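Below is one structure; the comments refer to it alone.
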Amino acid sequence: MDLIIGGSGFIGSNIANRLKMEGKDFAILDKQEPQIESRWVNHDITEVIQEPIQDIDCIYHLAAEGTIRVCQENPKVCFDNNVLGTYNVAEFARKNDVKHIVFMSSYATYGNSNEVSTEEFPLRARNHYSFSKIAGEAIMESYAYEYGIKVHAMRSAPVIGKYLIKGVTAHFYQKLKSNPKEIEIWGSGEQKRNYIWVEDLISAMHLTKQKQAEAYGFYNVGGSDVVSAIDILGLLSKKLEIKPKIIRDKNAGFKGDIAMQIVSSKKLQKIGWKETKNFNQYMNEYIDWLAEQAAKSESTYNKEGKK
């Protein structure tokens, strides 16, 4: 069976959905109740994992504090979750003879760069979050070589898909629904990323499990379309049939923010990975999902008589 650690979150919920559709046995370990019906182990990974779970083939380790501002303001939360928590997961895997760990790392480990980052690029972390992910990779690599657990670390670009309730697109969507006439954005809005659809990320995870021969492997995963915040805003505006005035706050932003980072997925492509949807396709699908969630919330609000 598979164990999804952090399976109540965005990516974990999508992995659970995929495994459920494939008829595979899985459980979720998380301190929050899962969105997908499953066996749930209620646990915080900052504490030693003592729950006996038999015959685990693969752990998907997704649990982390991923908000850069939270990590800056409370380093203990960052390092307890992302470093100590990763150690606890690795120890649990060792003691339970787990065969595979898929570890969710980040493109942020490369820092800011105007170049397309390959796996050969040096790691240039610039904030607590990205340093904690580098530390997590180091823990996973040491356990892979010491104990023979196959570890697959995914240095992913930002991920888009169902169950994602925060991030640039969700933030813009909520602001435009509140005020379709104008929107304030940080800086120029030209910060670029090569976002990835969540289903393509999961396919990359599954492929590395099948193809990786060595004990430890790390892989960039990002889409072929390079887009900016302005591009996302343009697509949203077209979808919502509005033309908001854009107000740029040139003084916005914060120390440690990743302004520019694009990762190359050629290593994954060489073992057979391919994208199945481009930016316009999955982003339109995601905006439709955001609209469905907003409609559900409004319907619930009205039924409760709070209008």
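In the structure tokens, each chain is lettered A, B, ... as it comes, each chain's residues begin at 1, and ligands are numbered from 1 in order of appearance.
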Which residues of segment 70-162 of chain A sit at most 12 Å from segment 28-37 of chain A, using only C-alpha atoms? Give each one's shortest atom pair and distance in Å (one decimal place), in chain and ascending residue order, as CSV.
residue,atom,partner,partner_atom,distance
A:Asn81,CA,A:Lys31,CA,11.9
A:Gly85,CA,A:Asp30,CA,11.7
A:Val89,CA,A:Leu29,CA,10.6
A:Lys162,CA,A:Gln35,CA,11.5
Checklist entry - Residues at most 9 Å from Ala204 of chain A, counting only C-alpha atoms, excluding those fewer than 5 positions away in the same chain, as a PyMOL selection string? => result chain A and resi 154+199+209+219+221+268+273-274
Please save C-alpha atoms of the selected residues as a PDB file, in the first residue's frame.
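Output file selection30.pdb follows:
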ATOM      1  CA  MET A 154      10.893  16.328  -7.127  1.00  0.00           C
ATOM      2  CA  GLU A 199      -1.688  15.462 -12.856  1.00  0.00           C
ATOM      3  CA  LYS A 209       9.464   5.026  -9.295  1.00  0.00           C
ATOM      4  CA  TYR A 219      14.297  15.688 -10.881  1.00  0.00           C
ATOM      5  CA  VAL A 221       9.544  19.157 -13.158  1.00  0.00           C
ATOM      6  CA  LEU A 268      12.447  13.578 -16.896  1.00  0.00           C
ATOM      7  CA  TRP A 273       7.770  11.883 -19.238  1.00  0.00           C
ATOM      8  CA  LYS A 274       5.515  14.168 -21.278  1.00  0.00           C
TER       9      LYS A 274
END
Item to check | Distance of atom CA of Asn194 of chain A from atom CA of Ser142 of chain A, expressed in Å to one decimal place | outcome: 29.8 Å
Next on the checklist: I need the residues in segment 194-235 of chain A that are helix (DSSP H, G or I) according to DSSP; give them as a VMD selection string.
Outcome noted: chain A and resid 198 to 211 229 to 235
Output of the above residues as an mmCIF file, in the first residue's frame, restricted to N, CA and C atoms:
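File written: again.cif
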data_model
loop_
_atom_site.group_PDB
_atom_site.id
_atom_site.type_symbol
_atom_site.label_atom_id
_atom_site.label_comp_id
_atom_site.auth_asym_id
_atom_site.auth_seq_id
_atom_site.Cartn_x
_atom_site.Cartn_y
_atom_site.Cartn_z
ATOM 1 N N VAL A 198 -0.975 19.564 -11.953
ATOM 2 C CA VAL A 198 -0.781 18.596 -10.874
ATOM 3 C C VAL A 198 -0.789 17.155 -11.373
ATOM 4 N N GLU A 199 -1.634 16.833 -12.345
ATOM 5 C CA GLU A 199 -1.688 15.462 -12.856
ATOM 6 C C GLU A 199 -0.396 15.083 -13.571
ATOM 7 N N ASP A 200 0.238 16.053 -14.235
ATOM 8 C CA ASP A 200 1.518 15.777 -14.891
ATOM 9 C C ASP A 200 2.638 15.608 -13.863
ATOM 10 N N LEU A 201 2.555 16.339 -12.763
ATOM 11 C CA LEU A 201 3.507 16.136 -11.670
ATOM 12 C C LEU A 201 3.381 14.730 -11.106
ATOM 13 N N ILE A 202 2.160 14.281 -10.871
ATOM 14 C CA ILE A 202 1.951 12.939 -10.320
ATOM 15 C C ILE A 202 2.463 11.874 -11.287
ATOM 16 N N SER A 203 2.253 12.081 -12.573
ATOM 17 C CA SER A 203 2.773 11.140 -13.570
ATOM 18 C C SER A 203 4.289 11.085 -13.523
ATOM 19 N N ALA A 204 4.929 12.234 -13.298
ATOM 20 C CA ALA A 204 6.388 12.264 -13.176
ATOM 21 C C ALA A 204 6.839 11.468 -11.951
ATOM 22 N N MET A 205 6.135 11.601 -10.843
ATOM 23 C CA MET A 205 6.443 10.840 -9.632
ATOM 24 C C MET A 205 6.375 9.341 -9.897
ATOM 25 N N HIS A 206 5.284 8.922 -10.528
ATOM 26 C CA HIS A 206 5.091 7.496 -10.800
ATOM 27 C C HIS A 206 6.157 6.966 -11.756
ATOM 28 N N LEU A 207 6.544 7.784 -12.736
ATOM 29 C CA LEU A 207 7.539 7.343 -13.711
ATOM 30 C C LEU A 207 8.907 7.146 -13.063
ATOM 31 N N THR A 208 9.285 8.058 -12.169
ATOM 32 C CA THR A 208 10.594 7.904 -11.518
ATOM 33 C C THR A 208 10.643 6.641 -10.670
ATOM 34 N N LYS A 209 9.517 6.282 -10.071
ATOM 35 C CA LYS A 209 9.464 5.026 -9.295
ATOM 36 C C LYS A 209 9.730 3.822 -10.193
ATOM 37 N N GLN A 210 9.250 3.890 -11.420
ATOM 38 C CA GLN A 210 9.421 2.779 -12.349
ATOM 39 C C GLN A 210 10.815 2.732 -12.970
ATOM 40 N N LYS A 211 11.389 3.901 -13.266
ATOM 41 C CA LYS A 211 12.598 3.951 -14.087
ATOM 42 C C LYS A 211 13.901 4.162 -13.320
ATOM 43 N N ALA A 229 2.906 36.729 -13.950
ATOM 44 C CA ALA A 229 1.679 37.065 -13.218
ATOM 45 C C ALA A 229 0.721 37.843 -14.118
ATOM 46 N N ILE A 230 1.270 38.683 -14.989
ATOM 47 C CA ILE A 230 0.441 39.441 -15.928
ATOM 48 C C ILE A 230 -0.269 38.502 -16.901
ATOM 49 N N ASP A 231 0.428 37.452 -17.340
ATOM 50 C CA ASP A 231 -0.203 36.458 -18.228
ATOM 51 C C ASP A 231 -1.383 35.788 -17.535
ATOM 52 N N ILE A 232 -1.198 35.431 -16.270
ATOM 53 C CA ILE A 232 -2.282 34.790 -15.503
ATOM 54 C C ILE A 232 -3.456 35.749 -15.354
ATOM 55 N N LEU A 233 -3.140 36.996 -15.064
ATOM 56 C CA LEU A 233 -4.185 38.005 -14.909
ATOM 57 C C LEU A 233 -4.950 38.208 -16.220
ATOM 58 N N GLY A 234 -4.219 38.186 -17.341
ATOM 59 C CA GLY A 234 -4.859 38.337 -18.641
ATOM 60 C C GLY A 234 -5.809 37.195 -18.945
ATOM 61 N N LEU A 235 -5.385 35.963 -18.644
ATOM 62 C CA LEU A 235 -6.237 34.800 -18.888
ATOM 63 C C LEU A 235 -7.481 34.845 -17.999
#
Next on the checklist: Measuring between only C-alpha atoms, which one of A:Asp97, A:Glu214, A:Glu115, A:Glu141 shows the shortest distance to Ile262 of chain A?
Outcome noted: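 The shortest atom-to-atom distance to Ile262 of chain A comes from A:Glu115.
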Item to check | Using only C-alpha atoms: which of A:Lys277, A:Tyr216, A:Leu176, A:Lys267 has the shortest distance to Ala291 of chain A | outcome: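 So, comparing all the options, the nearest one is A:Leu176.
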Next on the checklist: What does the structure give for the distance between atom CA of Trp40 of chain A and atom CA of Gly9 of chain A, in Å to one decimal?
Outcome noted: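 A separation of 13.1 Å between them.
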Checklist outcome for this item: From the list A:Trp289, A:Phe218, A:Tyr110, A:Trp197, the nearest residue to Thr276 of chain A using only C-alpha atoms is A:Trp197
Need to verify the contact set: Ile59 of chain A, 8 Å, only C-alpha atoms, exclusion of same-chain residues closer than 5 positions in sequence. Can you return it as a compact mmCIF listing (two decimals) with C-alpha atoms, in the first residue's frame?
# COMPACT_ATOMS: atom_id res chain seq x y z
CA ASP A 2 0.98 3.67 -0.32
CA LEU A 3 1.09 6.25 2.46
CA ILE A 4 0.48 9.92 1.62
CA ILE A 5 2.04 12.12 4.28
CA ALA A 93 10.39 4.55 6.51
CA VAL A 98 9.51 1.12 3.02
CA HIS A 100 10.18 4.06 -2.04
CA ILE A 101 9.88 7.66 -0.86
CA VAL A 102 8.71 10.40 -3.20
Item to check | Shell around Asn17 of chain A at 10 Å using only C-alpha atoms, local window under 4 positions removed, as a list of chain:residue names | outcome: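 Returned residues: A:Ile11, A:Gly12, A:Ser13, A:Met21, A:Glu22, A:Gly23, A:Gln35, A:Ile36, A:Glu37, A:Ser38.
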Mind writing the picked residues with N, CA and C atoms as a PDB file, in the first residue's frame?
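Contents of the output file selection39.pdb:
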ATOM      1  N   ILE A  11      -1.733  18.855  -3.269  1.00  0.00           N
ATOM      2  CA  ILE A  11      -1.114  17.798  -4.078  1.00  0.00           C
ATOM      3  C   ILE A  11      -1.489  16.424  -3.529  1.00  0.00           C
ATOM      4  N   GLY A  12      -1.485  16.280  -2.205  1.00  0.00           N
ATOM      5  CA  GLY A  12      -1.829  15.002  -1.589  1.00  0.00           C
ATOM      6  C   GLY A  12      -3.226  14.536  -1.942  1.00  0.00           C
ATOM      7  N   SER A  13      -4.177  15.475  -1.992  1.00  0.00           N
ATOM      8  CA  SER A  13      -5.553  15.117  -2.354  1.00  0.00           C
ATOM      9  C   SER A  13      -5.623  14.613  -3.788  1.00  0.00           C
ATOM     10  N   MET A  21      -8.687   6.097  -8.129  1.00  0.00           N
ATOM     11  CA  MET A  21      -9.175   5.764  -9.467  1.00  0.00           C
ATOM     12  C   MET A  21      -8.481   4.524 -10.021  1.00  0.00           C
ATOM     13  N   GLU A  22      -7.209   4.345  -9.624  1.00  0.00           N
ATOM     14  CA  GLU A  22      -6.437   3.188 -10.095  1.00  0.00           C
ATOM     15  C   GLU A  22      -6.707   1.943  -9.255  1.00  0.00           C
ATOM     16  N   GLY A  23      -7.538   2.078  -8.240  1.00  0.00           N
ATOM     17  CA  GLY A  23      -7.898   0.938  -7.395  1.00  0.00           C
ATOM     18  C   GLY A  23      -6.796   0.498  -6.460  1.00  0.00           C
ATOM     19  N   GLN A  35      -9.532  15.448   2.508  1.00  0.00           N
ATOM     20  CA  GLN A  35     -10.640  15.818   1.630  1.00  0.00           C
ATOM     21  C   GLN A  35     -11.149  14.606   0.857  1.00  0.00           C
ATOM     22  N   ILE A  36     -10.288  13.588   0.721  1.00  0.00           N
ATOM     23  CA  ILE A  36     -10.634  12.372  -0.001  1.00  0.00           C
ATOM     24  C   ILE A  36     -10.888  11.260   1.012  1.00  0.00           C
ATOM     25  N   GLU A  37     -11.987  10.527   0.826  1.00  0.00           N
ATOM     26  CA  GLU A  37     -12.318   9.440   1.749  1.00  0.00           C
ATOM     27  C   GLU A  37     -11.211   8.391   1.737  1.00  0.00           C
ATOM     28  N   SER A  38     -10.700   8.065   2.911  1.00  0.00           N
ATOM     29  CA  SER A  38      -9.570   7.138   3.007  1.00  0.00           C
ATOM     30  C   SER A  38      -9.333   6.773   4.465  1.00  0.00           C
TER      31      SER A  38
END
Checklist outcome for this item: Among A:Arg126, A:Arg193, A:His171, A:Lys95, Pro158 of chain A is approached most closely, using only C-alpha atoms, by A:Arg193
Next on the checklist: Report, in Å to a single decimal, how far apart atom CA of His152 of chain A and atom CA of Ile49 of chain A are.
Outcome noted: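 Spanning atom CA of Ile49 of chain A to atom CA of His152 of chain A is a straight-line distance of 21.0 Å.
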Item to check | Spatial neighbours of Asp25 of chain A, 8 Å, only C-alpha atoms, chain gap at least 4 places, as a list in words | outcome: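 Residues meeting the cut-off are Met1, Asp2, Leu19 and Lys20 of chain A.
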Write a file of the just-selected residues containing all heavy atoms, as a PDB file, in the first residue's frame.
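Contents of the output file part_21.pdb:
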ATOM      1  N   MET A   1       0.848  -1.192   0.000  1.00  0.00           N
ATOM      2  CA  MET A   1       0.000   0.000   0.000  1.00  0.00           C
ATOM      3  C   MET A   1       0.885   1.244   0.000  1.00  0.00           C
ATOM      4  O   MET A   1       2.079   1.180   0.261  1.00  0.00           O
ATOM      5  CB  MET A   1      -0.913   0.017   1.222  1.00  0.00           C
ATOM      6  CG  MET A   1      -0.190   0.222   2.551  1.00  0.00           C
ATOM      7  SD  MET A   1      -1.310   0.560   3.922  1.00  0.00           S
ATOM      8  CE  MET A   1      -1.893   2.173   3.493  1.00  0.00           C
ATOM      9  N   ASP A   2       0.273   2.399  -0.322  1.00  0.00           N
ATOM     10  CA  ASP A   2       0.979   3.669  -0.325  1.00  0.00           C
ATOM     11  C   ASP A   2       0.500   4.524   0.846  1.00  0.00           C
ATOM     12  O   ASP A   2      -0.669   4.443   1.247  1.00  0.00           O
ATOM     13  CB  ASP A   2       0.737   4.419  -1.626  1.00  0.00           C
ATOM     14  CG  ASP A   2       1.384   3.737  -2.827  1.00  0.00           C
ATOM     15  OD1 ASP A   2       2.306   2.917  -2.614  1.00  0.00           O
ATOM     16  OD2 ASP A   2       0.987   4.020  -3.966  1.00  0.00           O
ATOM     17  N   LEU A  19      -4.758   7.482  -6.984  1.00  0.00           N
ATOM     18  CA  LEU A  19      -4.631   6.123  -6.461  1.00  0.00           C
ATOM     19  C   LEU A  19      -5.998   5.455  -6.322  1.00  0.00           C
ATOM     20  O   LEU A  19      -6.152   4.255  -6.590  1.00  0.00           O
ATOM     21  CB  LEU A  19      -3.907   6.140  -5.116  1.00  0.00           C
ATOM     22  CG  LEU A  19      -2.446   6.589  -5.136  1.00  0.00           C
ATOM     23  CD1 LEU A  19      -1.893   6.673  -3.720  1.00  0.00           C
ATOM     24  CD2 LEU A  19      -1.589   5.668  -5.988  1.00  0.00           C
ATOM     25  N   LYS A  20      -6.988   6.258  -5.907  1.00  0.00           N
ATOM     26  CA  LYS A  20      -8.341   5.714  -5.752  1.00  0.00           C
ATOM     27  C   LYS A  20      -8.900   5.279  -7.104  1.00  0.00           C
ATOM     28  O   LYS A  20      -9.502   4.202  -7.232  1.00  0.00           O
ATOM     29  CB  LYS A  20      -9.241   6.784  -5.121  1.00  0.00           C
ATOM     30  CG  LYS A  20     -10.537   6.245  -4.550  1.00  0.00           C
ATOM     31  CD  LYS A  20     -11.221   7.322  -3.703  1.00  0.00           C
ATOM     32  CE  LYS A  20     -12.398   6.748  -2.954  1.00  0.00           C
ATOM     33  NZ  LYS A  20     -13.015   7.758  -2.065  1.00  0.00           N
TER      34      LYS A  20
END
Fewer than 4 positions away in the same chain doesn't count, so skip those; otherwise give me all residues within 8 Å of Gly217 of chain A, counting only C-alpha atoms, as a short mmCIF file (atom, residue, chain, number, x, y, z; two decimals) with all heavy atoms, in the first residue's frame.
data_model
loop_
_atom_site.label_atom_id
_atom_site.label_comp_id
_atom_site.auth_asym_id
_atom_site.auth_seq_id
_atom_site.Cartn_x
_atom_site.Cartn_y
_atom_site.Cartn_z
N VAL A 151 14.73 6.84 -3.12
CA VAL A 151 14.14 8.16 -2.91
C VAL A 151 14.09 8.91 -4.23
O VAL A 151 15.07 8.92 -4.99
CB VAL A 151 14.94 8.97 -1.87
CG1 VAL A 151 14.37 10.38 -1.76
CG2 VAL A 151 14.90 8.29 -0.50
N HIS A 152 12.95 9.52 -4.50
CA HIS A 152 12.72 10.27 -5.72
C HIS A 152 12.35 11.71 -5.31
O HIS A 152 11.21 11.95 -4.88
CB HIS A 152 11.61 9.63 -6.54
CG HIS A 152 11.66 8.13 -6.52
ND1 HIS A 152 12.39 7.40 -7.43
CD2 HIS A 152 11.10 7.22 -5.68
CE1 HIS A 152 12.27 6.10 -7.17
NE2 HIS A 152 11.49 5.98 -6.10
N ALA A 153 13.27 12.64 -5.43
CA ALA A 153 13.04 14.03 -4.99
C ALA A 153 12.60 14.87 -6.19
O ALA A 153 13.27 14.89 -7.22
CB ALA A 153 14.31 14.60 -4.37
N GLN A 212 13.83 4.70 -12.11
CA GLN A 212 15.06 5.05 -11.39
C GLN A 212 15.78 3.80 -10.90
O GLN A 212 15.23 3.01 -10.16
CB GLN A 212 14.74 5.97 -10.21
CG GLN A 212 15.96 6.42 -9.41
CD GLN A 212 15.57 7.34 -8.29
OE1 GLN A 212 14.94 8.37 -8.51
NE2 GLN A 212 15.92 6.99 -7.06
#
Checklist entry - Looking at A:Thr118, A:Gln54, A:Ser106, A:Asn127, which one is nearest to Arg69 of chain A, with distances taken over only C-alpha atoms? => result A:Asn127
Checklist entry - Hey, what's within 8 Å of Ser188 of chain A if we count only C-alpha atoms and toss same-chain stuff fewer than 3 positions away? As a list in words, please? => result Ile185, Gln191, Arg248, Asp249 and Lys250 of chain A
For the selection just defined, write its residues with N, CA and C atoms to a file, as a PDB file, in the first residue's frame.
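Result file is part.pdb:
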ATOM      1  N   ILE A 185      -1.340  44.688  -8.015  1.00  0.00           N
ATOM      2  CA  ILE A 185      -0.388  43.587  -8.059  1.00  0.00           C
ATOM      3  C   ILE A 185       0.959  44.059  -7.533  1.00  0.00           C
ATOM      4  N   GLN A 191       7.240  38.672 -13.158  1.00  0.00           N
ATOM      5  CA  GLN A 191       7.930  37.528 -12.571  1.00  0.00           C
ATOM      6  C   GLN A 191       7.482  36.255 -13.289  1.00  0.00           C
ATOM      7  N   ARG A 248       0.018  48.837 -10.161  1.00  0.00           N
ATOM      8  CA  ARG A 248       1.266  48.180  -9.775  1.00  0.00           C
ATOM      9  C   ARG A 248       1.857  48.818  -8.532  1.00  0.00           C
ATOM     10  N   ASP A 249       2.064  48.021  -7.497  1.00  0.00           N
ATOM     11  CA  ASP A 249       2.720  48.492  -6.276  1.00  0.00           C
ATOM     12  C   ASP A 249       4.200  48.153  -6.395  1.00  0.00           C
ATOM     13  N   LYS A 250       4.985  49.116  -6.848  1.00  0.00           N
ATOM     14  CA  LYS A 250       6.405  48.864  -7.123  1.00  0.00           C
ATOM     15  C   LYS A 250       7.222  48.625  -5.860  1.00  0.00           C
TER      16      LYS A 250
END
